[in-house]
file start_18.txt (compact mmCIF, C-alpha atoms and all ligand atoms)
# COMPACT_ATOMS: atom_id res chain seq x y z
CA MET A 1 76.04 90.69 71.46
CA LYS A 2 77.37 92.64 74.43
CA LYS A 3 79.50 95.75 74.01
CA TYR A 4 81.97 94.51 76.66
CA ASN A 5 82.39 91.07 78.17
CA ALA A 6 83.99 92.30 81.36
CA ILE A 7 84.25 95.37 83.55
CA ILE A 8 87.44 96.00 85.56
CA PHE A 9 86.99 98.37 88.47
CA ASP A 10 89.55 100.43 90.27
CA LEU A 11 88.76 100.15 93.99
CA ASP A 12 89.71 103.31 95.93
CA GLY A 13 87.54 106.18 94.69
CA VAL A 14 85.34 103.97 92.50
CA ILE A 15 83.83 101.16 94.60
CA CYS A 16 84.53 102.92 97.90
CA HIS A 17 86.12 106.04 99.34
CA THR A 18 89.35 105.69 101.28
CA ASP A 19 90.87 109.13 100.52
CA GLN A 20 90.21 110.40 104.04
CA TYR A 21 91.91 107.37 105.63
CA HIS A 22 94.93 107.68 103.32
CA TYR A 23 95.04 111.37 104.18
CA GLU A 24 94.95 110.81 107.94
CA ALA A 25 97.64 108.12 107.81
CA TRP A 26 99.99 110.09 105.54
CA LYS A 27 99.36 113.26 107.58
CA ALA A 28 100.46 111.47 110.77
CA VAL A 29 103.68 110.36 109.06
CA ALA A 30 104.32 113.76 107.46
CA ASP A 31 103.74 115.54 110.78
CA GLU A 32 106.26 113.28 112.53
CA LEU A 33 108.80 114.04 109.82
CA GLY A 34 107.97 117.76 109.84
CA ILE A 35 106.84 117.73 106.18
CA TYR A 36 104.01 119.94 104.95
CA PHE A 37 101.08 117.85 103.68
CA ASP A 38 97.57 118.82 102.66
CA GLU A 39 94.50 117.52 100.79
CA ALA A 40 95.81 118.83 97.46
CA ILE A 41 99.00 116.76 97.83
CA ASN A 42 96.87 113.81 98.95
CA ASN A 43 94.91 114.06 95.68
CA ARG A 44 98.15 113.57 93.75
CA LEU A 45 98.55 110.16 95.42
CA ARG A 46 95.45 108.69 93.77
CA GLY A 47 96.15 105.54 91.81
CA VAL A 48 99.88 105.48 92.52
CA SER A 49 101.64 102.90 94.67
CA ARG A 50 102.47 103.32 98.36
CA MET A 51 106.19 103.94 97.68
CA GLU A 52 105.49 106.36 94.83
CA SER A 53 103.02 108.18 97.09
CA PHE A 54 105.75 108.56 99.72
CA GLU A 55 108.22 109.84 97.10
CA ILE A 56 105.68 112.57 96.22
CA ILE A 57 105.38 113.51 99.91
CA LEU A 58 109.20 113.53 100.20
CA GLU A 59 109.43 116.18 97.46
CA ARG A 60 109.05 118.62 100.39
CA TYR A 61 111.63 116.88 102.60
CA GLU A 62 114.90 118.77 102.75
CA LYS A 63 117.12 115.82 103.69
CA GLU A 64 118.02 112.50 102.07
CA MET A 65 116.29 109.39 103.40
CA SER A 66 117.75 105.90 103.28
CA GLU A 67 115.77 103.04 101.72
CA ALA A 68 115.57 101.37 105.15
CA ASP A 69 114.05 104.52 106.67
CA LYS A 70 111.59 104.76 103.79
CA GLU A 71 110.48 101.19 104.50
CA HIS A 72 110.08 102.06 108.18
CA TRP A 73 107.73 104.98 107.39
CA LEU A 74 105.80 102.99 104.78
CA THR A 75 105.17 100.28 107.37
CA LYS A 76 104.09 102.89 109.88
CA LYS A 77 101.74 104.56 107.39
CA ASN A 78 100.17 101.23 106.52
CA GLU A 79 99.66 100.31 110.19
CA ILE A 80 97.80 103.58 110.79
CA TYR A 81 95.85 103.18 107.52
CA LYS A 82 94.83 99.59 108.29
CA ALA A 83 93.67 100.52 111.77
CA LEU A 84 91.44 103.19 110.17
CA LEU A 85 90.16 100.71 107.56
CA LYS A 86 88.77 98.62 110.40
CA ASN A 87 86.08 101.32 110.68
CA MET A 88 84.78 100.32 107.24
CA SER A 89 81.77 98.04 107.07
CA PRO A 90 79.16 96.91 104.53
CA ALA A 91 77.34 100.17 105.38
CA ASP A 92 80.13 101.97 103.46
CA LEU A 93 79.09 100.26 100.24
CA SER A 94 76.52 102.52 98.61
CA LEU A 95 73.27 101.02 97.43
CA GLU A 96 73.88 102.59 94.01
CA VAL A 97 77.23 100.81 93.64
CA LYS A 98 75.83 97.46 94.84
CA GLU A 99 72.76 97.63 92.61
CA THR A 100 74.83 98.65 89.59
CA LEU A 101 77.30 95.80 90.15
CA ASP A 102 74.38 93.36 90.49
CA GLY A 103 72.81 94.76 87.30
CA LEU A 104 76.05 94.35 85.34
CA ARG A 105 76.40 90.81 86.59
CA GLU A 106 72.79 89.98 85.68
CA SER A 107 73.45 91.20 82.13
CA GLY A 108 76.26 88.62 81.89
CA HIS A 109 79.37 90.71 82.49
CA LYS A 110 82.39 89.36 84.29
CA LEU A 111 83.45 91.72 87.08
CA ALA A 112 87.04 92.21 88.25
CA ILE A 113 89.11 94.55 90.41
CA GLY A 114 92.23 96.31 89.13
CA SER A 115 93.71 98.24 92.07
CA SER A 116 97.21 99.47 92.97
CA SER A 117 96.45 98.79 96.63
CA LYS A 118 98.00 95.94 98.59
CA ASN A 119 95.03 96.28 100.94
CA ALA A 120 92.41 95.63 98.23
CA ARG A 121 91.30 92.23 99.57
CA PHE A 122 91.09 93.57 103.12
CA ILE A 123 88.96 96.53 102.00
CA LEU A 124 86.67 94.31 99.92
CA GLY A 125 86.23 92.06 102.97
CA GLN A 126 85.30 95.05 105.13
CA LEU A 127 82.68 96.08 102.55
CA GLY A 128 81.20 92.58 102.43
CA LEU A 129 82.50 92.04 98.88
CA GLY A 130 85.21 89.52 99.78
CA GLU A 131 83.83 86.82 97.50
CA TYR A 132 81.97 89.02 95.02
CA PHE A 133 84.38 89.62 92.12
CA ASP A 134 85.44 87.08 89.52
CA ALA A 135 89.08 88.13 89.95
CA ILE A 136 91.20 90.57 91.92
CA SER A 137 94.36 92.07 90.46
CA ASP A 138 96.03 94.34 93.00
CA GLY A 139 99.26 95.79 94.34
CA ASN A 140 100.43 92.33 95.38
CA ASN A 141 100.59 90.88 91.86
CA ILE A 142 102.23 93.70 89.94
CA SER A 143 105.75 95.01 89.54
CA LYS A 144 104.81 98.30 87.84
CA SER A 145 101.99 100.50 89.02
CA LYS A 146 99.56 102.70 87.06
CA PRO A 147 99.99 104.38 84.55
CA ASP A 148 101.62 101.10 83.50
CA PRO A 149 98.82 98.80 82.26
CA GLU A 150 100.08 95.73 84.16
CA VAL A 151 97.36 95.67 86.84
CA PHE A 152 94.57 95.72 84.23
CA VAL A 153 96.32 93.33 81.82
CA LYS A 154 96.63 90.85 84.72
CA ALA A 155 92.95 91.32 85.63
CA ALA A 156 91.96 90.55 82.01
CA GLU A 157 94.19 87.46 82.10
CA TYR A 158 92.65 86.25 85.38
CA ILE A 159 89.13 86.42 83.91
CA GLU A 160 90.35 85.06 80.54
CA GLU A 161 89.14 87.98 78.44
CA ALA A 162 90.87 89.83 75.62
CA GLN A 163 91.79 93.35 76.67
CA LYS A 164 89.65 94.86 73.89
CA HIS A 165 86.57 93.23 75.42
CA CYS A 166 87.15 94.84 78.83
CA LEU A 167 86.00 98.21 80.09
CA VAL A 168 87.97 99.87 82.92
CA VAL A 169 86.33 102.20 85.45
CA GLU A 170 88.71 104.74 87.05
CA ASP A 171 88.78 107.88 89.20
CA ALA A 172 92.47 108.72 88.60
CA GLU A 173 94.31 110.05 85.56
CA ALA A 174 97.09 107.47 86.10
CA GLY A 175 94.43 104.75 85.91
CA LEU A 176 92.89 106.05 82.69
CA LYS A 177 96.36 106.18 81.12
CA ALA A 178 96.96 102.60 82.27
CA ALA A 179 93.72 101.40 80.66
CA ILE A 180 94.52 103.17 77.39
CA ALA A 181 98.06 101.75 77.39
CA GLY A 182 96.51 98.30 77.86
CA GLY A 183 94.25 98.76 74.83
CA MET A 184 91.09 99.03 76.90
CA ASP A 185 88.20 101.46 76.81
CA CYS A 186 87.74 103.37 80.05
CA ALA A 187 84.99 105.14 81.94
CA ALA A 188 86.09 108.11 84.02
CA ILE A 189 84.32 108.97 87.27
CA GLY A 190 84.85 111.71 89.87
CA ASP A 191 87.93 113.87 89.44
CA ALA A 192 89.17 111.78 86.49
CA VAL A 193 86.39 113.21 84.33
CA GLY A 194 88.28 116.51 84.21
CA CYS A 195 91.35 115.11 82.46
CA GLY A 196 89.35 114.26 79.34
CA LEU A 197 90.94 110.84 78.76
CA GLY A 198 87.88 108.68 79.35
CA THR A 199 86.13 106.88 76.50
CA TYR A 200 83.07 107.73 78.61
CA ASN A 201 82.46 110.12 81.46
CA LEU A 202 80.20 108.97 84.28
CA ALA A 203 78.20 111.59 86.17
CA THR A 204 77.30 108.87 88.63
CA PHE A 205 78.22 105.19 89.07
CA SER A 206 74.89 103.85 87.78
CA ASP A 207 75.55 105.54 84.40
CA LEU A 208 77.64 102.42 83.72
CA LEU A 209 74.43 100.54 83.02
CA LYS A 210 73.73 102.93 80.12
CA VAL A 211 77.33 102.76 78.85
CA VAL A 212 77.28 98.99 78.45
CA GLU A 213 73.84 99.05 76.83
CA ASN A 214 74.47 101.12 73.72
C1 LIG A 301 95.48 103.20 95.32
C2 LIG A 301 95.24 104.56 95.93
O1 LIG A 301 94.25 102.56 95.12
O2 LIG A 301 96.30 102.40 96.16
C3 LIG A 301 96.58 105.21 96.24
O3 LIG A 301 94.50 105.37 95.03
C4 LIG A 301 97.42 104.29 97.12
O4 LIG A 301 96.38 106.45 96.86
C5 LIG A 301 97.59 102.94 96.44
O5 LIG A 301 98.71 104.87 97.34
C6 LIG A 301 98.36 101.95 97.28
O6 LIG A 301 97.59 101.60 98.39
P1 LIG A 301 98.07 100.67 99.58
O7 LIG A 301 96.76 100.27 100.24
O8 LIG A 301 98.78 99.50 98.99
O9 LIG A 301 98.94 101.48 100.46
MG MG A 302 91.25 105.17 92.46

call {"tool": "encode", "arguments": {"input": "start_18.txt", "output": "structure tokens"}}
result
Amino acid sequence: MKKYNAIIFDLDGVICHTDQYHYEAWKAVADELGIYFDEAINNRLRGVSRMESFEIILERYEKEMSEADKEHWLTKKNEIYKALLKNMSPADLSLEVKETLDGLRESGHKLAIGSSSKNARFILGQLGLGEYFDAISDGNNISKSKPDPEVFVKAAEYIEEAQKHCLVVEDAEAGLKAAIAGGMDCAAIGDAVGCGLGTYNLATFSDLLKVVEN
């Protein structure tokens, strides 16, 4: 009997690292608008949707911005971000991540993605993982973003597993809260370890193999 039937992975910050690309794209937009933006603010954008990320950046904007203008800047940010994502290749997928995913699959786990990003499929394609996961739940199939559990609940639905049989892997506090709200255990990795919400804390990605064992 397995401890979990399925593992649902956040993408950005878990399977791959896109922080620097998000930073560069948001920085270009913020600079054009004359808004202060730094890495610390960028860290607050982890796990939250594109629009919510922009609202956080606009906390330092003195004027009001119309919804149409917001859409304009979101489109611009995404164009810059997508151009940067074209630099990603299968070489950006670490051997540790690939071997751990393969190990989890060999031990009979279903593997899914639960990401707030609307670019999730594009990123997975760049990494050579376009066809790898059993299901992808992302920013295109949700109406509420993390910490709402919708993205993970949908992922569990897509792979036809009860939420209590799924383990979520997350690098953002909003993502851990989403997993908990969805009745799922969660493994924290990276900065998310510090918030103390994880059912497990991973020092490194391959620790997942130990988590699902015992
Ligand atoms: C999440 C990132 O995975 O996706 C956030 O952690 C980002 O920083 C969000 O804002 C939305 O991404 P995208 O690709 O739809 O702009
Ligand atoms: Mg993340």

call {"tool": "residues_around", "arguments": {"input": "start_18.txt", "residues": "stretch 115-123 of chain A", "least_positions_apart": "2", "cutoff": "8 Å", "atoms": "all atoms listed in the file", "output": "number ranges by chain"}}
result
A: 9-12, 47-50, 85, 88, 113, 125-127, 130, 136-140, 145-146, 151

call {"tool": "residues_near_ligand", "arguments": {"input": "start_18.txt", "ligand": "ligand MG 302 (chain A)", "cutoff": "10 Å", "atoms": "all atoms listed in the file", "output": "JSON, numbers by chain"}}
result
{"A": [9, 10, 11, 12, 13, 14, 15, 16, 17, 18, 19, 45, 46, 47, 48, 114, 115, 116, 117, 169, 170, 171, 172, 173, 174, 175, 176, 189, 190, 191, 192]}

call {"tool": "write_last_selection", "arguments": {"input": "start_18.txt", "atoms": "C-alpha atoms", "output": "PDB file, in the coordinates of the input"}}
result
ATOM      1  CA  PHE A   9      86.990  98.370  88.470  1.00  0.00           C
ATOM      2  CA  ASP A  10      89.550 100.430  90.270  1.00  0.00           C
ATOM      3  CA  LEU A  11      88.760 100.150  93.990  1.00  0.00           C
ATOM      4  CA  ASP A  12      89.710 103.310  95.930  1.00  0.00           C
ATOM      5  CA  GLY A  13      87.540 106.180  94.690  1.00  0.00           C
ATOM      6  CA  VAL A  14      85.340 103.970  92.500  1.00  0.00           C
ATOM      7  CA  ILE A  15      83.830 101.160  94.600  1.00  0.00           C
ATOM      8  CA  CYS A  16      84.530 102.920  97.900  1.00  0.00           C
ATOM      9  CA  HIS A  17      86.120 106.040  99.340  1.00  0.00           C
ATOM     10  CA  THR A  18      89.350 105.690 101.280  1.00  0.00           C
ATOM     11  CA  ASP A  19      90.870 109.130 100.520  1.00  0.00           C
ATOM     12  CA  LEU A  45      98.550 110.160  95.420  1.00  0.00           C
ATOM     13  CA  ARG A  46      95.450 108.690  93.770  1.00  0.00           C
ATOM     14  CA  GLY A  47      96.150 105.540  91.810  1.00  0.00           C
ATOM     15  CA  VAL A  48      99.880 105.480  92.520  1.00  0.00           C
ATOM     16  CA  GLY A 114      92.230  96.310  89.130  1.00  0.00           C
ATOM     17  CA  SER A 115      93.710  98.240  92.070  1.00  0.00           C
ATOM     18  CA  SER A 116      97.210  99.470  92.970  1.00  0.00           C
ATOM     19  CA  SER A 117      96.450  98.790  96.630  1.00  0.00           C
ATOM     20  CA  VAL A 169      86.330 102.200  85.450  1.00  0.00           C
ATOM     21  CA  GLU A 170      88.710 104.740  87.050  1.00  0.00           C
ATOM     22  CA  ASP A 171      88.780 107.880  89.200  1.00  0.00           C
ATOM     23  CA  ALA A 172      92.470 108.720  88.600  1.00  0.00           C
ATOM     24  CA  GLU A 173      94.310 110.050  85.560  1.00  0.00           C
ATOM     25  CA  ALA A 174      97.090 107.470  86.100  1.00  0.00           C
ATOM     26  CA  GLY A 175      94.430 104.750  85.910  1.00  0.00           C
ATOM     27  CA  LEU A 176      92.890 106.050  82.690  1.00  0.00           C
ATOM     28  CA  ILE A 189      84.320 108.970  87.270  1.00  0.00           C
ATOM     29  CA  GLY A 190      84.850 111.710  89.870  1.00  0.00           C
ATOM     30  CA  ASP A 191      87.930 113.870  89.440  1.00  0.00           C
ATOM     31  CA  ALA A 192      89.170 111.780  86.490  1.00  0.00           C
TER      32      ALA A 192
END

call {"tool": "closest_residue", "arguments": {"input": "start_18.txt", "among": "A:Phe133, A:Lys27, A:Phe152, A:Gly128", "to": "A:Leu93", "atoms": "all atoms listed in the file"}}
result
A:Gly128

call {"tool": "atom_distance", "arguments": {"input": "start_18.txt", "atom1": "atom CA of A:Pro149", "atom2": "atom CA of A:Gly182"}}
result
5.0 Å

call {"tool": "residues_around", "arguments": {"input": "start_18.txt", "residues": "A:Asn42", "least_positions_apart": "2", "cutoff": "10 Å", "atoms": "all atoms listed in the file", "output": "list of chain:residue names"}}
result
A:Asp19, A:Gln20, A:His22, A:Tyr23, A:Glu24, A:Trp26, A:Lys27, A:Phe37, A:Asp38, A:Glu39, A:Ala40, A:Arg44, A:Leu45, A:Arg46, A:Ser53, A:Ile56, A:Ile57

call {"tool": "atom_distance", "arguments": {"input": "start_18.txt", "atom1": "atom CA of A:Asp134", "atom2": "atom C4 of ligand LIG 301 (chain A)"}}
result
22.3 Å

call {"tool": "atom_distance", "arguments": {"input": "start_18.txt", "atom1": "atom CA of A:Cys186", "atom2": "atom CA of A:Cys166"}}
result
8.6 Å

call {"tool": "residues_around", "arguments": {"input": "start_18.txt", "residues": "A:Val212", "least_positions_apart": "6", "cutoff": "10 Å", "atoms": "all atoms listed in the file", "output": "PDB file with C-alpha atoms, in the frame of the given file"}}
result
ATOM      1  CA  LYS A   2      77.370  92.640  74.430  1.00  0.00           C
ATOM      2  CA  LYS A   3      79.500  95.750  74.010  1.00  0.00           C
ATOM      3  CA  TYR A   4      81.970  94.510  76.660  1.00  0.00           C
ATOM      4  CA  ASN A   5      82.390  91.070  78.170  1.00  0.00           C
ATOM      5  CA  ALA A   6      83.990  92.300  81.360  1.00  0.00           C
ATOM      6  CA  ILE A   7      84.250  95.370  83.550  1.00  0.00           C
ATOM      7  CA  LEU A 104      76.050  94.350  85.340  1.00  0.00           C
ATOM      8  CA  SER A 107      73.450  91.200  82.130  1.00  0.00           C
ATOM      9  CA  HIS A 109      79.370  90.710  82.490  1.00  0.00           C
ATOM     10  CA  LEU A 167      86.000  98.210  80.090  1.00  0.00           C
TER      11      LEU A 167
END

call {"tool": "closest_residue", "arguments": {"input": "start_18.txt", "among": "A:Leu209, A:Leu84, A:Ala135, A:Leu74", "to": "ligand LIG 301 (chain A)", "atoms": "all atoms listed in the file"}}
result
A:Leu74

call {"tool": "residues_around", "arguments": {"input": "start_18.txt", "residues": "A:His72", "least_positions_apart": "6", "cutoff": "12 Å", "atoms": "all atoms listed in the file", "output": "CSV table (one decimal) with C-alpha atoms, keeping the file's coordinate frame"}}
result
chain,number,residue,atom,x,y,z
A,29,VAL,CA,103.7,110.4,109.1
A,51,MET,CA,106.2,103.9,97.7
A,54,PHE,CA,105.8,108.6,99.7
A,65,MET,CA,116.3,109.4,103.4
A,66,SER,CA,117.8,105.9,103.3
A,78,ASN,CA,100.2,101.2,106.5
A,79,GLU,CA,99.7,100.3,110.2

call {"tool": "closest_residue", "arguments": {"input": "start_18.txt", "among": "A:Ala162, A:Ile80, A:Leu197, A:Leu33", "to": "A:Tyr21", "atoms": "only C-alpha atoms"}}
result
A:Ile80

call {"tool": "axis_aligned_box", "arguments": {"input": "start_18.txt", "around": "stretch 52-64 of chain A", "padding_each_side": "5 Å", "output": "lines of an AutoDock Vina configuration file"}}
result
center_x = 110.5
center_y = 112.6
center_z = 99.3
size_x = 25.0
size_y = 22.4
size_z = 18.9

call {"tool": "closest_residue", "arguments": {"input": "start_18.txt", "among": "A:Ala25, A:Met1, A:Leu202, A:Ile35", "to": "ligand LIG 301 (chain A)", "atoms": "all atoms listed in the file"}}
result
A:Ala25

call {"tool": "closest_residue", "arguments": {"input": "start_18.txt", "among": "A:Ser206, A:Thr100, A:Asn141, A:Ser94", "to": "ligand LIG 301 (chain A)", "atoms": "only C-alpha atoms and all ligand atoms"}}
result
A:Asn141

call {"tool": "closest_residue", "arguments": {"input": "start_18.txt", "among": "A:Leu111, A:Ile180, A:Val97, A:Ala91", "to": "A:Phe205", "atoms": "all atoms listed in the file"}}
result
A:Val97

call {"tool": "residues_around", "arguments": {"input": "start_18.txt", "residues": "A:Asp148", "least_positions_apart": "4", "cutoff": "8 Å", "atoms": "all atoms listed in the file", "output": "PyMOL selection string"}}
result
chain A and resi 144+177-178+181
